[in-house]
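Have a look at the structure below before the remarks.
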Amino acid sequence: MLAFTVFGSFWLEIFLKTSVLKRWKRALISILPISFFFLVWDAYAIAQGHWFFNRDRMLGIYGPFDIPLEEFLFFIIVPMAAILTLEGVTTVKPHLREKEFGKDEKK
């Protein structure tokens, strides 16, 4: 599913030149704090037995607190896809950016 997410949105970077990946530090500053929160939540849920991952459907690579690699990637790739999608829409329809965020400072 993560591959479909990548293929479904990362092409926007190439064809619409959204420059999200070029501004990777800004993207990570947006993504990492909330990802950290959800990973802590996952770790707690796993430790309490409220949440589990089917080991037969995982790659078998686990990080801290027994969280699988796929979960770490999920919390990076899905928000990045959302940012790329928003940037793609506002690149094609710049009036939406002005309506939501005000006039573009570059102009």
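Residue numbering restarts at 1 in every chain; chains get A, B, ... in the order shown in the structure tokens, and ligands count up from 1 in that same order.
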When you look at segment 90-93 of chain A with a cut-off of 9 Å (counting only C-alpha atoms), what residues show up, excluding the ones that are within fewer than 4 positions of it in the same chain? I need them as an NGL selection string.
:A and (16-18 or 85-86 or 97-98)
Mind writing the picked residues with C-alpha atoms as a PDB file, in the first residue's frame?
```pdb
ATOM      1  CA  LEU A  16       4.091  19.811 -11.531  1.00  0.00           C
ATOM      2  CA  LYS A  17       7.418  20.847 -10.011  1.00  0.00           C
ATOM      3  CA  THR A  18       5.940  21.347  -6.561  1.00  0.00           C
ATOM      4  CA  THR A  85      -1.155  16.599  -3.131  1.00  0.00           C
ATOM      5  CA  LEU A  86      -1.920  19.967  -1.541  1.00  0.00           C
ATOM      6  CA  ARG A  97      -3.535  29.174  -2.484  1.00  0.00           C
ATOM      7  CA  GLU A  98      -4.358  32.885  -2.421  1.00  0.00           C
TER       8      GLU A  98
END
```
Top pick for closest residue to Trp51 of chain A, considering A:Ser9, A:Val20, A:Asp66, A:Val89 and counting only C-alpha atoms
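Of all the options, A:Asp66 lies closest to Trp51 of chain A.
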Once DSSP has gone over the backbone, tell me which residues of segment 2-95 of chain A are in helix (DSSP H, G or I), as an MDAnalysis selection string.
chainID A and resid 2:9 11:15 24:48 55:57 64:66 69:92 94:95
Pick out the residues sitting within 9 Å of Ser35 of chain A, and hand them over as a PyMOL selection string; count only C-alpha atoms, and ignore anything fewer than 2 positions along from it in its own chain.
chain A and resi 31-33+37-40+72+75-76+79
Kindly export the residues of the current selection with N, CA and C atoms, as a PDB file, in the first residue's frame.
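Final output, saved to out_12.pdb:
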```pdb
ATOM      1  N   ILE A  31       6.371  17.074   9.333  1.00  0.00           N
ATOM      2  CA  ILE A  31       5.966  15.677   9.492  1.00  0.00           C
ATOM      3  C   ILE A  31       6.453  15.044  10.800  1.00  0.00           C
ATOM      4  N   LEU A  32       7.690  15.260  11.154  1.00  0.00           N
ATOM      5  CA  LEU A  32       8.289  14.512  12.262  1.00  0.00           C
ATOM      6  C   LEU A  32       7.631  14.723  13.629  1.00  0.00           C
ATOM      7  N   PRO A  33       7.241  15.939  14.012  1.00  0.00           N
ATOM      8  CA  PRO A  33       6.628  16.065  15.352  1.00  0.00           C
ATOM      9  C   PRO A  33       5.355  15.233  15.515  1.00  0.00           C
ATOM     10  N   PHE A  37       4.596  11.679  17.823  1.00  0.00           N
ATOM     11  CA  PHE A  37       3.441  11.503  18.701  1.00  0.00           C
ATOM     12  C   PHE A  37       2.717  10.192  18.404  1.00  0.00           C
ATOM     13  N   PHE A  38       2.462   9.921  17.117  1.00  0.00           N
ATOM     14  CA  PHE A  38       1.738   8.701  16.764  1.00  0.00           C
ATOM     15  C   PHE A  38       2.578   7.445  16.991  1.00  0.00           C
ATOM     16  N   LEU A  39       3.890   7.530  16.839  1.00  0.00           N
ATOM     17  CA  LEU A  39       4.741   6.374  17.123  1.00  0.00           C
ATOM     18  C   LEU A  39       4.762   6.072  18.622  1.00  0.00           C
ATOM     19  N   VAL A  40       4.761   7.111  19.443  1.00  0.00           N
ATOM     20  CA  VAL A  40       4.669   6.907  20.898  1.00  0.00           C
ATOM     21  C   VAL A  40       3.329   6.245  21.228  1.00  0.00           C
ATOM     22  N   PHE A  72       6.839   2.878  10.600  1.00  0.00           N
ATOM     23  CA  PHE A  72       7.677   4.081  10.531  1.00  0.00           C
ATOM     24  C   PHE A  72       7.537   4.741   9.156  1.00  0.00           C
ATOM     25  N   PHE A  75       4.235   6.679   8.598  1.00  0.00           N
ATOM     26  CA  PHE A  75       4.142   8.001   9.200  1.00  0.00           C
ATOM     27  C   PHE A  75       5.019   9.042   8.514  1.00  0.00           C
ATOM     28  N   ILE A  76       5.838   8.631   7.563  1.00  0.00           N
ATOM     29  CA  ILE A  76       6.607   9.570   6.743  1.00  0.00           C
ATOM     30  C   ILE A  76       5.948   9.716   5.366  1.00  0.00           C
ATOM     31  N   PRO A  79       1.983  11.408   5.194  1.00  0.00           N
ATOM     32  CA  PRO A  79       1.944  12.875   5.298  1.00  0.00           C
ATOM     33  C   PRO A  79       2.655  13.563   4.128  1.00  0.00           C
TER      34      PRO A  79
END
```
Which of these, A:Met80, A:Ala47, A:Glu13, A:Met1, has the shortest distance to Ser30 of chain A once you count only C-alpha atoms?
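Of A:Met80, A:Ala47, A:Glu13, A:Met1, the one nearest Ser30 of chain A is A:Met80, counting only C-alpha atoms.
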Quick check, in Å to one decimal: how far apart do atom CA of Trp24 of chain A and atom CA of Trp41 of chain A lie?
25.1 Å
Could you check the closest approach to Asp42 of chain A for each of A:Ala81, A:Ile67, A:Ala3, A:Ile29 and tell me which residue wins, using only C-alpha atoms?
A:Ile67
Might you pull out every residue within 10 Å of Ala82 of chain A, with only C-alpha atoms counted and same-chain residues fewer than 6 positions away left off, and present them as a list in words?
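Answer for this query is Thr5, Ser9, Phe10 and Gly88 of chain A.
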